[in-house]
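Peer 1: Questions regarding the structure given below will be posed in turn.
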Amino acid sequence: MSSHSNIIDELEKGVTGLEILQSGGELEEKSHDYWMRSRMQRRLEEGSPCARALVRPTSTEQVAAVLEIATRTGTPVVPYGLGSGVCGAVLASGDEIVIDMGAMARILEINENSLTVTVQPGMRGSDFENELNDRGFTMGHFPQSIEVS
């Protein structure tokens with residue numbers, strides 16, 4: 001088993017076309033959700049912890065490859081949807097990679113017989129509802145966070 005210090009090299013070599021960010025505001029932003037405790041900590045402390053890297057897959061194959069490499073290297077993975085969580089589920093502290101699902105935002109299939117939908121994990125709730133409406137359907141669920149869910 002290799003050390004997770006090599007995760008970036010392995011991701012660069014092993015996952016064709018994967019966007020990898022290792023610094024900057026987006027990495028810092030997506031290392032946390034909207035949990036009040038972590039927001040306050042970031043305000044009070046300079047240099048609050050963030051993930052080692054942010055990766056943005058565009059396909060199921062890339063997600064599988066990232067997870068295989070993370071498993072092999074023992075690197076924790078933090079999934080990031082659209083960041084609407086308020087309970088601290090996204091709380092990276094330095095060794096993790098955050099896997100941002102935002103680039104995977106399409107409806108893959110609507111089964112009109114069983115009234116089920118296969119949708120990628122990065123689709124915004126309001127966009128999902130609008131696409132369903134355009135096809136004569138509704139998801140029938142309207143949480144307060146639909147615009148960022």
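How things are named: the first chain in the structure tokens is A, the next is B, and so on; residues count from 1 in each chain; ligands count from 1 in the order shown.
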Determine, counting only C-alpha atoms, which protein, DNA and RNA residues have an atom within 8 Å of an atom of A:Ile146; residues of the same chain fewer than 5 positions away are not included. Present the result as an mmCIF file with C-alpha atoms, in the first residue's frame.

Peer 2:
```
data_model
loop_
_atom_site.group_PDB
_atom_site.id
_atom_site.type_symbol
_atom_site.label_atom_id
_atom_site.label_comp_id
_atom_site.auth_asym_id
_atom_site.auth_seq_id
_atom_site.Cartn_x
_atom_site.Cartn_y
_atom_site.Cartn_z
ATOM 1 C CA ARG A 124 -29.165 21.122 -8.617
ATOM 2 C CA GLY A 125 -32.643 20.390 -7.256
ATOM 3 C CA SER A 126 -34.277 23.322 -9.037
#
```

Peer 1: Using DSSP on the backbone coordinates, identify all residues within chain A classified as alpha helix (DSSP H); present the result as a ChimeraX atom specification.

Peer 2: /A:7-14,25-29,36-44,60-73,125-134

Peer 1: Any chance you could export the current selection's C-alpha atoms as an mmCIF file, in the first residue's frame?

Peer 2:
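Saved file again29.cif follows:
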```
data_model
loop_
_atom_site.group_PDB
_atom_site.id
_atom_site.type_symbol
_atom_site.label_atom_id
_atom_site.label_comp_id
_atom_site.auth_asym_id
_atom_site.auth_seq_id
_atom_site.Cartn_x
_atom_site.Cartn_y
_atom_site.Cartn_z
ATOM 1 C CA ILE A 7 -2.364 10.516 -3.993
ATOM 2 C CA ILE A 8 -1.962 13.564 -6.248
ATOM 3 C CA ASP A 9 0.668 11.873 -8.423
ATOM 4 C CA GLU A 10 -1.468 8.749 -8.660
ATOM 5 C CA LEU A 11 -4.590 10.739 -9.570
ATOM 6 C CA GLU A 12 -2.695 12.703 -12.236
ATOM 7 C CA LYS A 13 -1.288 9.517 -13.766
ATOM 8 C CA GLY A 14 -4.286 7.263 -13.282
ATOM 9 C CA GLY A 25 -10.430 29.749 -2.723
ATOM 10 C CA GLU A 26 -12.477 26.971 -4.289
ATOM 11 C CA LEU A 27 -10.510 24.298 -2.424
ATOM 12 C CA GLU A 28 -10.999 26.209 0.835
ATOM 13 C CA GLU A 29 -14.701 26.789 0.149
ATOM 14 C CA MET A 36 -22.372 27.162 11.749
ATOM 15 C CA ARG A 37 -19.577 25.773 13.931
ATOM 16 C CA SER A 38 -17.152 25.386 11.034
ATOM 17 C CA ARG A 39 -18.149 28.778 9.571
ATOM 18 C CA MET A 40 -17.377 30.450 12.921
ATOM 19 C CA GLN A 41 -14.085 28.562 13.217
ATOM 20 C CA ARG A 42 -13.029 29.739 9.762
ATOM 21 C CA ARG A 43 -13.873 33.341 10.696
ATOM 22 C CA LEU A 44 -11.951 33.223 13.969
ATOM 23 C CA THR A 60 -18.815 7.484 -13.362
ATOM 24 C CA GLU A 61 -15.559 5.961 -14.623
ATOM 25 C CA GLN A 62 -13.551 8.867 -13.196
ATOM 26 C CA VAL A 63 -15.361 8.569 -9.853
ATOM 27 C CA ALA A 64 -14.583 4.844 -9.737
ATOM 28 C CA ALA A 65 -10.919 5.479 -10.570
ATOM 29 C CA VAL A 66 -10.602 8.185 -7.886
ATOM 30 C CA LEU A 67 -12.172 5.912 -5.281
ATOM 31 C CA GLU A 68 -9.948 2.978 -6.274
ATOM 32 C CA ILE A 69 -6.815 5.114 -5.904
ATOM 33 C CA ALA A 70 -8.026 6.602 -2.609
ATOM 34 C CA THR A 71 -8.752 3.117 -1.258
ATOM 35 C CA ARG A 72 -5.372 1.794 -2.356
ATOM 36 C CA THR A 73 -3.511 4.753 -0.816
ATOM 37 C CA GLY A 125 -32.643 20.390 -7.256
ATOM 38 C CA SER A 126 -34.277 23.322 -9.037
ATOM 39 C CA ASP A 127 -32.691 22.347 -12.377
ATOM 40 C CA PHE A 128 -33.875 18.777 -11.839
ATOM 41 C CA GLU A 129 -37.435 19.946 -11.184
ATOM 42 C CA ASN A 130 -37.378 22.264 -14.228
ATOM 43 C CA GLU A 131 -36.187 19.470 -16.539
ATOM 44 C CA LEU A 132 -38.829 17.136 -15.169
ATOM 45 C CA ASN A 133 -41.496 19.837 -15.677
ATOM 46 C CA ASP A 134 -40.386 20.274 -19.307
#
```

Peer 1: For a quick check of understanding, using only C-alpha atoms, which of A:Pro76, A:Pro121, A:Asn6, A:Gly94 has the smallest distance to A:Ile107?

Peer 2: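 For A:Ile107, the nearest of the given residues is A:Pro121.
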
Peer 1: As a list in words, please: the residues near A:Trp35 (cut-off 9 Å, only C-alpha atoms, same-chain neighbours under 3 positions excluded).

Peer 2: His32, Ser38, Arg39, Met40, Gly85, Val86, Cys87, Gly88, Ala89, Val90 and Leu91 of chain A

Peer 1: Quick one: residues within 9 Å of A:Gln22, only C-alpha atoms counted, chain neighbours fewer than 4 positions away excluded, as a list in words?

Peer 2: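 Skipping anything fewer than 4 positions along the chain leaves Ile8, Leu27, Ala51, Arg52, Ala53, Leu54 and Val55 of chain A.
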
Peer 1: Please dump the current selection as a tab-separated table (two decimals), in the first residue's frame; keep all heavy atoms.

Peer 2:
```
chain	number	residue	atom	x	y	z
A	8	ILE	N	-1.86	12.61	-5.13
A	8	ILE	CA	-1.96	13.56	-6.25
A	8	ILE	C	-1.26	13.00	-7.47
A	8	ILE	O	-1.83	13.01	-8.58
A	8	ILE	CB	-1.38	14.94	-5.87
A	8	ILE	CG1	-2.05	15.50	-4.61
A	8	ILE	CG2	-1.49	15.91	-7.04
A	8	ILE	CD1	-3.55	15.65	-4.69
A	27	LEU	N	-10.90	25.41	-3.30
A	27	LEU	CA	-10.51	24.30	-2.42
A	27	LEU	C	-10.92	24.61	-0.98
A	27	LEU	O	-11.51	23.77	-0.31
A	27	LEU	CB	-9.00	24.03	-2.50
A	27	LEU	CG	-8.47	22.99	-1.52
A	27	LEU	CD1	-9.06	21.62	-1.78
A	27	LEU	CD2	-6.95	22.96	-1.57
A	51	ALA	N	-8.96	20.55	2.69
A	51	ALA	CA	-8.56	19.27	2.12
A	51	ALA	C	-7.21	19.38	1.41
A	51	ALA	O	-6.77	20.47	1.04
A	51	ALA	CB	-9.62	18.80	1.13
A	52	ARG	N	-6.59	18.24	1.20
A	52	ARG	CA	-5.34	18.18	0.44
A	52	ARG	C	-5.57	18.59	-1.02
A	52	ARG	O	-4.76	19.24	-1.63
A	52	ARG	CB	-4.79	16.77	0.50
A	52	ARG	CG	-3.57	16.52	-0.38
A	52	ARG	CD	-3.13	15.11	-0.20
A	52	ARG	NE	-2.90	14.92	1.22
A	52	ARG	CZ	-1.78	14.47	1.75
A	52	ARG	NH1	-0.81	14.11	0.98
A	52	ARG	NH2	-1.64	14.35	3.04
A	53	ALA	N	-6.72	18.14	-1.56
A	53	ALA	CA	-7.03	18.46	-2.96
A	53	ALA	C	-8.53	18.36	-3.19
A	53	ALA	O	-9.25	17.71	-2.43
A	53	ALA	CB	-6.30	17.50	-3.90
A	54	LEU	N	-8.97	19.01	-4.24
A	54	LEU	CA	-10.35	18.94	-4.72
A	54	LEU	C	-10.29	18.34	-6.11
A	54	LEU	O	-9.52	18.79	-6.95
A	54	LEU	CB	-10.95	20.34	-4.78
A	54	LEU	CG	-12.31	20.49	-5.47
A	54	LEU	CD1	-13.41	19.96	-4.57
A	54	LEU	CD2	-12.57	21.94	-5.81
A	55	VAL	N	-11.07	17.30	-6.34
A	55	VAL	CA	-11.14	16.71	-7.67
A	55	VAL	C	-12.56	16.86	-8.20
A	55	VAL	O	-13.52	16.85	-7.43
A	55	VAL	CB	-10.70	15.22	-7.69
A	55	VAL	CG1	-9.25	15.10	-7.25
A	55	VAL	CG2	-11.60	14.35	-6.83
```

Peer 1: Taking the chain letters and numbering used in this document, name the residues of chain A that DSSP puts in strand (DSSP E or B), as a short mmCIF file (atom, residue, chain, number, x, y, z; two decimals) with all heavy atoms, in the first residue's frame.

Peer 2:
```
data_model
loop_
_atom_site.label_atom_id
_atom_site.label_comp_id
_atom_site.auth_asym_id
_atom_site.auth_seq_id
_atom_site.Cartn_x
_atom_site.Cartn_y
_atom_site.Cartn_z
N GLU A 19 -9.94 17.02 -13.33
CA GLU A 19 -9.53 18.33 -12.81
C GLU A 19 -9.13 18.15 -11.35
O GLU A 19 -9.89 17.59 -10.56
CB GLU A 19 -10.67 19.33 -12.93
CG GLU A 19 -10.30 20.71 -12.45
CD GLU A 19 -11.44 21.71 -12.60
OE1 GLU A 19 -12.53 21.35 -13.09
OE2 GLU A 19 -11.22 22.86 -12.21
N ILE A 20 -7.94 18.64 -10.99
CA ILE A 20 -7.41 18.52 -9.63
C ILE A 20 -6.96 19.90 -9.17
O ILE A 20 -6.10 20.51 -9.80
CB ILE A 20 -6.22 17.54 -9.56
CG1 ILE A 20 -6.61 16.17 -10.10
CG2 ILE A 20 -5.68 17.45 -8.12
CD1 ILE A 20 -5.43 15.22 -10.29
N LEU A 21 -7.53 20.39 -8.06
CA LEU A 21 -7.12 21.67 -7.48
C LEU A 21 -6.43 21.39 -6.15
O LEU A 21 -6.95 20.63 -5.33
CB LEU A 21 -8.33 22.57 -7.24
CG LEU A 21 -9.17 22.93 -8.45
CD1 LEU A 21 -10.41 23.70 -8.01
CD2 LEU A 21 -8.37 23.72 -9.45
N HIS A 32 -15.64 22.60 3.36
CA HIS A 32 -16.60 22.78 4.45
C HIS A 32 -18.00 22.98 3.86
O HIS A 32 -18.13 23.46 2.74
CB HIS A 32 -16.26 24.02 5.28
CG HIS A 32 -14.83 24.07 5.70
ND1 HIS A 32 -14.37 23.38 6.79
CD2 HIS A 32 -13.76 24.69 5.17
CE1 HIS A 32 -13.07 23.59 6.92
NE2 HIS A 32 -12.67 24.37 5.95
N ALA A 53 -6.72 18.14 -1.56
CA ALA A 53 -7.03 18.46 -2.96
C ALA A 53 -8.53 18.36 -3.19
O ALA A 53 -9.25 17.71 -2.43
CB ALA A 53 -6.30 17.50 -3.90
N LEU A 54 -8.97 19.01 -4.24
CA LEU A 54 -10.35 18.94 -4.72
C LEU A 54 -10.29 18.34 -6.11
O LEU A 54 -9.52 18.79 -6.95
CB LEU A 54 -10.95 20.34 -4.78
CG LEU A 54 -12.31 20.49 -5.47
CD1 LEU A 54 -13.41 19.96 -4.57
CD2 LEU A 54 -12.57 21.94 -5.81
N VAL A 55 -11.07 17.30 -6.34
CA VAL A 55 -11.14 16.71 -7.67
C VAL A 55 -12.56 16.86 -8.20
O VAL A 55 -13.52 16.85 -7.43
CB VAL A 55 -10.70 15.22 -7.69
CG1 VAL A 55 -9.25 15.10 -7.25
CG2 VAL A 55 -11.60 14.35 -6.83
N ARG A 56 -12.67 17.05 -9.51
CA ARG A 56 -13.98 17.27 -10.12
C ARG A 56 -14.17 16.30 -11.29
O ARG A 56 -13.83 16.59 -12.43
CB ARG A 56 -14.10 18.71 -10.61
CG ARG A 56 -15.50 19.05 -11.08
CD ARG A 56 -15.66 20.53 -11.44
NE ARG A 56 -15.63 21.34 -10.24
CZ ARG A 56 -14.69 22.27 -9.99
NH1 ARG A 56 -13.72 22.49 -10.84
NH2 ARG A 56 -14.74 22.98 -8.90
N VAL A 77 -11.91 10.26 1.57
CA VAL A 77 -12.61 11.01 0.54
C VAL A 77 -13.84 11.67 1.16
O VAL A 77 -14.59 11.03 1.88
CB VAL A 77 -13.05 10.09 -0.62
CG1 VAL A 77 -13.88 10.85 -1.64
CG2 VAL A 77 -11.84 9.45 -1.28
N VAL A 78 -14.02 12.96 0.88
CA VAL A 78 -15.19 13.70 1.34
C VAL A 78 -16.01 14.07 0.11
O VAL A 78 -15.54 14.81 -0.74
CB VAL A 78 -14.78 14.98 2.10
CG1 VAL A 78 -16.00 15.79 2.49
CG2 VAL A 78 -13.93 14.63 3.32
N PRO A 79 -17.24 13.54 -0.02
CA PRO A 79 -18.08 13.92 -1.16
C PRO A 79 -18.65 15.32 -0.98
O PRO A 79 -18.99 15.72 0.13
CB PRO A 79 -19.19 12.87 -1.14
CG PRO A 79 -19.27 12.42 0.27
CD PRO A 79 -17.89 12.56 0.85
N TYR A 80 -18.75 16.05 -2.08
CA TYR A 80 -19.30 17.40 -2.06
C TYR A 80 -20.32 17.52 -3.17
O TYR A 80 -20.00 17.35 -4.34
CB TYR A 80 -18.18 18.43 -2.26
CG TYR A 80 -18.62 19.86 -2.08
CD1 TYR A 80 -18.49 20.49 -0.85
CD2 TYR A 80 -19.19 20.58 -3.13
CE1 TYR A 80 -18.91 21.79 -0.66
CE2 TYR A 80 -19.61 21.88 -2.95
CZ TYR A 80 -19.47 22.49 -1.71
OH TYR A 80 -19.87 23.78 -1.53
N LEU A 91 -16.39 18.32 6.11
CA LEU A 91 -15.49 18.93 7.08
C LEU A 91 -14.10 18.32 6.92
O LEU A 91 -13.72 17.41 7.62
CB LEU A 91 -16.03 18.70 8.50
CG LEU A 91 -15.39 19.49 9.61
CD1 LEU A 91 -15.45 20.99 9.34
CD2 LEU A 91 -16.06 19.17 10.93
N ILE A 97 -9.22 14.08 0.22
CA ILE A 97 -9.53 14.72 -1.05
C ILE A 97 -11.04 14.92 -1.07
O ILE A 97 -11.80 14.08 -0.59
CB ILE A 97 -9.04 13.93 -2.28
CG1 ILE A 97 -9.61 12.52 -2.30
CG2 ILE A 97 -7.53 13.92 -2.37
CD1 ILE A 97 -9.35 11.79 -3.60
N VAL A 98 -11.46 16.06 -1.56
CA VAL A 98 -12.88 16.34 -1.72
C VAL A 98 -13.22 16.01 -3.16
O VAL A 98 -12.52 16.42 -4.09
CB VAL A 98 -13.19 17.82 -1.41
CG1 VAL A 98 -14.63 18.16 -1.78
CG2 VAL A 98 -12.93 18.13 0.06
N ILE A 99 -14.29 15.24 -3.34
CA ILE A 99 -14.73 14.88 -4.68
C ILE A 99 -15.99 15.68 -4.97
O ILE A 99 -17.05 15.44 -4.41
CB ILE A 99 -14.89 13.36 -4.85
CG1 ILE A 99 -15.22 12.99 -6.28
CG2 ILE A 99 -15.89 12.78 -3.87
CD1 ILE A 99 -15.04 11.52 -6.60
N ASP A 100 -15.84 16.72 -5.79
CA ASP A 100 -16.91 17.65 -6.13
C ASP A 100 -17.74 17.06 -7.28
O ASP A 100 -17.24 16.90 -8.39
CB ASP A 100 -16.28 18.98 -6.54
CG ASP A 100 -17.28 20.02 -6.99
OD1 ASP A 100 -18.51 19.76 -6.98
OD2 ASP A 100 -16.84 21.13 -7.36
N ILE A 107 -29.77 14.40 -16.21
CA ILE A 107 -30.71 13.29 -16.10
C ILE A 107 -30.26 12.24 -17.10
O ILE A 107 -30.05 12.54 -18.27
CB ILE A 107 -32.15 13.74 -16.40
CG1 ILE A 107 -32.66 14.67 -15.29
CG2 ILE A 107 -33.08 12.54 -16.57
CD1 ILE A 107 -34.06 15.22 -15.52
N LEU A 108 -30.09 11.02 -16.63
CA LEU A 108 -29.65 9.94 -17.51
C LEU A 108 -30.81 9.15 -18.09
O LEU A 108 -30.75 8.67 -19.22
CB LEU A 108 -28.71 9.00 -16.74
CG LEU A 108 -27.45 9.65 -16.18
CD1 LEU A 108 -26.64 8.64 -15.38
CD2 LEU A 108 -26.62 10.27 -17.28
N GLU A 109 -31.87 8.99 -17.29
CA GLU A 109 -33.01 8.19 -17.77
C GLU A 109 -34.25 8.54 -16.97
O GLU A 109 -34.19 8.73 -15.75
CB GLU A 109 -32.73 6.70 -17.61
CG GLU A 109 -33.90 5.82 -18.00
CD GLU A 109 -33.70 4.36 -17.63
OE1 GLU A 109 -32.81 4.02 -16.84
OE2 GLU A 109 -34.47 3.54 -18.16
N ILE A 110 -35.39 8.62 -17.67
CA ILE A 110 -36.69 8.70 -17.02
C ILE A 110 -37.46 7.46 -17.44
O ILE A 110 -37.67 7.22 -18.63
CB ILE A 110 -37.46 9.97 -17.42
CG1 ILE A 110 -36.72 11.22 -16.95
CG2 ILE A 110 -38.88 9.93 -16.83
CD1 ILE A 110 -37.39 12.53 -17.34
N ASN A 111 -37.87 6.67 -16.45
CA ASN A 111 -38.69 5.50 -16.73
C ASN A 111 -40.14 5.90 -16.50
O ASN A 111 -40.59 6.06 -15.36
CB ASN A 111 -38.30 4.34 -15.82
CG ASN A 111 -39.08 3.08 -16.12
OD1 ASN A 111 -40.28 3.11 -16.38
ND2 ASN A 111 -38.38 1.95 -16.08
N THR A 116 -39.64 6.50 -12.25
CA THR A 116 -38.34 6.66 -11.59
C THR A 116 -37.41 7.42 -12.52
O THR A 116 -37.59 7.43 -13.74
CB THR A 116 -37.71 5.31 -11.22
OG1 THR A 116 -37.53 4.54 -12.42
CG2 THR A 116 -38.57 4.56 -10.22
N VAL A 117 -36.42 8.05 -11.92
CA VAL A 117 -35.45 8.84 -12.67
C VAL A 117 -34.06 8.44 -12.22
O VAL A 117 -33.81 8.29 -11.02
CB VAL A 117 -35.65 10.36 -12.43
CG1 VAL A 117 -34.63 11.18 -13.20
CG2 VAL A 117 -37.06 10.79 -12.78
N THR A 118 -33.15 8.30 -13.17
CA THR A 118 -31.74 8.13 -12.86
C THR A 118 -31.08 9.46 -13.18
O THR A 118 -31.12 9.93 -14.32
CB THR A 118 -31.12 7.00 -13.70
OG1 THR A 118 -31.85 5.79 -13.46
CG2 THR A 118 -29.65 6.80 -13.34
N VAL A 119 -30.51 10.06 -12.16
CA VAL A 119 -29.92 11.39 -12.31
C VAL A 119 -28.53 11.39 -11.69
O VAL A 119 -28.28 10.69 -10.71
CB VAL A 119 -30.84 12.47 -11.65
CG1 VAL A 119 -30.99 12.23 -10.16
CG2 VAL A 119 -30.35 13.87 -11.93
#
```

Peer 1: What is the distance, in Å and to one decimal place, between atom CA of A:Gly140 and atom CA of A:Met123?

Peer 2: 16.1 Å

Peer 1: Which one of A:Asp95, A:Gly122, A:Ser149, A:Leu115 sits closest to A:Phe137 if you count only C-alpha atoms?

Peer 2: A:Leu115

Peer 1: Rank nothing, just name the residue among A:Gly74, A:Gly17, A:Ser59, A:Pro49 nearest to A:Arg106, using only C-alpha atoms.

Peer 2: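 Of A:Gly74, A:Gly17, A:Ser59, A:Pro49, the one nearest A:Arg106 is A:Ser59, counting only C-alpha atoms.
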
Peer 1: Please report the interatomic distance between atom CA of A:Gln120 and atom CA of A:Glu96 in Å with one decimal.

Peer 2: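 Going from atom CA of A:Gln120 over to atom CA of A:Glu96 covers 22.8 Å.
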
Peer 1: Quick one: pull the distance between atom CA of A:Lys30 and atom CA of A:Gly83, Å, one decimal.

Peer 2: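 Going from atom CA of A:Lys30 over to atom CA of A:Gly83, I get 7.2 Å.
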
Peer 1: Taking into account only C-alpha atoms, which residue in the set A:Thr58, A:Phe142, A:Ser84, A:Leu18 is nearest to A:Asp33?

Peer 2: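 Checking each of A:Thr58, A:Phe142, A:Ser84, A:Leu18 against A:Asp33, counting only C-alpha atoms, the winner is A:Ser84.
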